[in-house]
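A short write-up of the structure that comes next.
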Amino acid sequence: MTRRIWIDLANSPHVRLFAAIAPHLEAQGHVVGFTARDHAQTLPLAEAIGLETTVIGGPSPAGKMSKIRTTLGRARCLAAWARDWRPDVALSHGSYAQ
């Protein structure tokens, strides 16, 4: 059964991890979609290896309340993206917003 698998790249290390996993999922017939946060080196790394991503969110601000507001805002934007893309499975490594 083919699945639509959503991978969220919330931080730089996620790029190499999921870039290695995605081809195996696609070889099994699944469709993989990436979202990425514009934080640290996440986008340049994804671009360098040719991952097509939808950019949602940016760096973490200073302060606990600002981080909470930013995470909740990103969660709302990711939910809107997911309603349109309609994934069967969401995959991440510690994406608080996903």
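In the structure tokens, each chain is lettered A, B, ... as it comes, each chain's residues begin at 1, and ligands are numbered from 1 in order of appearance.
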
Requested in this report: Mind the document's chain letters and residue numbers, and return as JSON, numbers by chain the residues of chain A that DSSP labels helix (DSSP H, G or I).
Outcome: {"A": [12, 13, 14, 15, 16, 17, 18, 19, 20, 21, 22, 23, 24, 25, 26, 27, 42, 43, 44, 45, 46, 47, 48, 64, 65, 66, 67, 68, 69, 70, 71, 72, 73, 74, 75, 76, 77, 78, 79, 80, 81, 82, 83, 84, 85]}

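Residues in contact with His14 (chain A) at 8 Å, where only C-alpha atoms are counted and same-chain residues fewer than 3 positions away are skipped, are listed as Leu9, Ala10, Asn11, Leu17, Phe18, Thr42, Ser92 and His93 of chain A.
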
Query raised in the report: For the atom pair CA of Ala97 (chain A) and CA of Gly29 (chain A), what is the interatomic distance in Å to one decimal place?
Result: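 Here the two named atoms are 27.2 Å from each other.
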
**Report entry** Gap from CA of Gly94 (chain A) to CA of Leu25 (chain A) - Å, one decimal
**Finding:** 19.8 Å

Query - Selection: 12 Å around Ala19 (chain A), only C-alpha atoms, excl. self and same-chain fewer than 5 positions, as a PyMOL selection string - result: chain A and resi 7-9+12-14+24-26+32-34+42+45-53+92

Next, dump the selected residues to file, keeping only C-alpha atoms, as a CSV table (one decimal), in the first residue's frame.
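Okay, selection-v7.csv is ready:
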```
chain,number,residue,atom,x,y,z
A,7,ILE,CA,8.9,14.5,7.0
A,8,ASP,CA,9.6,17.7,9.0
A,9,LEU,CA,13.1,19.0,9.1
A,12,SER,CA,20.1,20.8,10.8
A,13,PRO,CA,20.9,17.2,11.8
A,14,HIS,CA,17.5,16.1,10.5
A,24,HIS,CA,14.3,3.8,0.7
A,25,LEU,CA,10.7,4.9,1.4
A,26,GLU,CA,10.3,6.1,-2.2
A,32,VAL,CA,7.6,11.6,0.6
A,33,GLY,CA,7.0,15.3,1.3
A,34,PHE,CA,9.3,17.6,3.3
A,42,THR,CA,18.7,23.4,7.8
A,45,LEU,CA,21.9,21.6,3.8
A,46,ALA,CA,18.6,20.5,2.3
A,47,GLU,CA,19.3,22.6,-0.9
A,48,ALA,CA,22.8,21.3,-1.2
A,49,ILE,CA,21.6,17.7,-1.4
A,50,GLY,CA,18.6,18.6,-3.6
A,51,LEU,CA,15.7,18.0,-1.2
A,52,GLU,CA,12.6,19.9,-2.2
A,53,THR,CA,11.1,21.4,0.9
A,92,SER,CA,10.3,13.6,12.5
```

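You can rank A:Leu43, A:Ala79, A:Val31, A:Met1 by their closest distance to Arg16 (chain A) using only C-alpha atoms, and at the top of that list sits A:Leu43.
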
Report task. State, in Å with one decimal place, the distance from CA of Lys64 (chain A) to CA of His39 (chain A). Result -> 17.1 Å

Query - Long-range neighbours of Ala75 (chain A) as a PyMOL selection string, 10 Å cut-off, only C-alpha atoms, 5 positions minimum in chain - result: chain A and resi 56-57+69-70+80-81+95-98

Using all heavy atoms, can you export the residues from the last selection as a short mmCIF file (atom, residue, chain, number, x, y, z; two decimals), in the first residue's frame?
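Below is the file that was written, selection_7.cif:
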```cif
data_model
loop_
_atom_site.label_atom_id
_atom_site.label_comp_id
_atom_site.auth_asym_id
_atom_site.auth_seq_id
_atom_site.Cartn_x
_atom_site.Cartn_y
_atom_site.Cartn_z
N ILE A 56 8.52 26.34 6.35
CA ILE A 56 7.51 26.79 7.31
C ILE A 56 8.23 27.07 8.62
O ILE A 56 8.72 26.14 9.27
CB ILE A 56 6.40 25.74 7.51
CG1 ILE A 56 5.69 25.46 6.18
CG2 ILE A 56 5.41 26.21 8.58
CD1 ILE A 56 4.66 24.35 6.24
N GLY A 57 8.30 28.31 9.01
CA GLY A 57 8.91 28.68 10.28
C GLY A 57 10.35 29.13 10.13
O GLY A 57 10.97 28.94 9.09
N ARG A 69 5.28 30.72 21.74
CA ARG A 69 4.43 31.37 20.72
C ARG A 69 4.88 30.99 19.31
O ARG A 69 4.06 30.68 18.44
CB ARG A 69 4.45 32.89 20.89
CG ARG A 69 3.51 33.39 21.95
CD ARG A 69 3.35 34.90 21.89
NE ARG A 69 4.60 35.60 22.15
CZ ARG A 69 5.04 35.92 23.35
NH1 ARG A 69 4.35 35.60 24.42
NH2 ARG A 69 6.18 36.57 23.50
N THR A 70 6.20 30.98 19.09
CA THR A 70 6.74 30.64 17.77
C THR A 70 6.42 29.19 17.42
O THR A 70 6.03 28.89 16.29
CB THR A 70 8.26 30.89 17.74
OG1 THR A 70 8.49 32.28 17.98
CG2 THR A 70 8.86 30.51 16.41
N ALA A 80 -2.02 23.52 8.57
CA ALA A 80 -2.64 23.98 7.31
C ALA A 80 -1.99 23.29 6.12
O ALA A 80 -2.67 22.85 5.19
CB ALA A 80 -2.52 25.50 7.19
N TRP A 81 -0.67 23.18 6.14
CA TRP A 81 0.04 22.50 5.05
C TRP A 81 -0.40 21.04 4.98
O TRP A 81 -0.67 20.51 3.91
CB TRP A 81 1.55 22.59 5.28
CG TRP A 81 2.35 21.89 4.22
CD1 TRP A 81 2.78 22.44 3.05
CD2 TRP A 81 2.78 20.53 4.22
NE1 TRP A 81 3.46 21.49 2.31
CE2 TRP A 81 3.47 20.31 3.02
CE3 TRP A 81 2.65 19.48 5.12
CZ2 TRP A 81 4.04 19.08 2.70
CZ3 TRP A 81 3.21 18.25 4.81
CH2 TRP A 81 3.90 18.06 3.60
N SER A 95 10.50 17.13 16.28
CA SER A 95 9.88 18.37 15.81
C SER A 95 8.72 18.70 16.75
O SER A 95 7.69 18.05 16.73
CB SER A 95 9.35 18.19 14.38
OG SER A 95 8.57 19.31 14.01
N TYR A 96 8.92 19.70 17.62
CA TYR A 96 7.89 20.05 18.59
C TYR A 96 6.60 20.50 17.90
O TYR A 96 5.51 20.21 18.37
CB TYR A 96 8.37 21.16 19.51
CG TYR A 96 9.62 20.82 20.28
CD1 TYR A 96 10.73 21.65 20.25
CD2 TYR A 96 9.70 19.65 21.04
CE1 TYR A 96 11.87 21.34 20.95
CE2 TYR A 96 10.84 19.34 21.75
CZ TYR A 96 11.92 20.17 21.70
OH TYR A 96 13.06 19.87 22.39
N ALA A 97 6.71 21.20 16.82
CA ALA A 97 5.54 21.75 16.14
C ALA A 97 4.77 20.70 15.35
O ALA A 97 3.56 20.77 15.24
CB ALA A 97 5.96 22.88 15.20
N GLN A 98 5.46 19.70 14.84
CA GLN A 98 4.76 18.68 14.05
C GLN A 98 3.90 17.82 14.96
O GLN A 98 2.84 17.42 14.66
CB GLN A 98 5.75 17.81 13.28
CG GLN A 98 5.07 16.87 12.30
CD GLN A 98 6.02 15.89 11.66
OE1 GLN A 98 6.95 15.44 12.28
NE2 GLN A 98 5.79 15.60 10.40
#
```

Report task. Can you list, as a list in words, all residues belonging to chain A that DSSP tags as strand (DSSP E)? Result ->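 Listing strand (DSSP E) positions across chain A yields Arg4, Ile5, Trp6, Ile7, Asp8, Leu9, Val31, Val32, Gly33, Phe34, Thr35, Ala36, Thr53, Thr54, Val55, Val89, Ala90 and Leu91 of chain A.
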
Query raised in the report: Between A:Gln28, A:Arg86, A:Leu91, A:Gly73, which has the minimum distance to Arg4 (chain A) (counting only C-alpha atoms)?
Result: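 Using only C-alpha atoms, the shortest distance to Arg4 (chain A) belongs to A:Arg86.
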
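Using only C-alpha atoms, the nearest neighbour of Val55 (chain A) within the list A:Ala36, A:Ala82, A:Ala27, A:Ala90 is A:Ala36.
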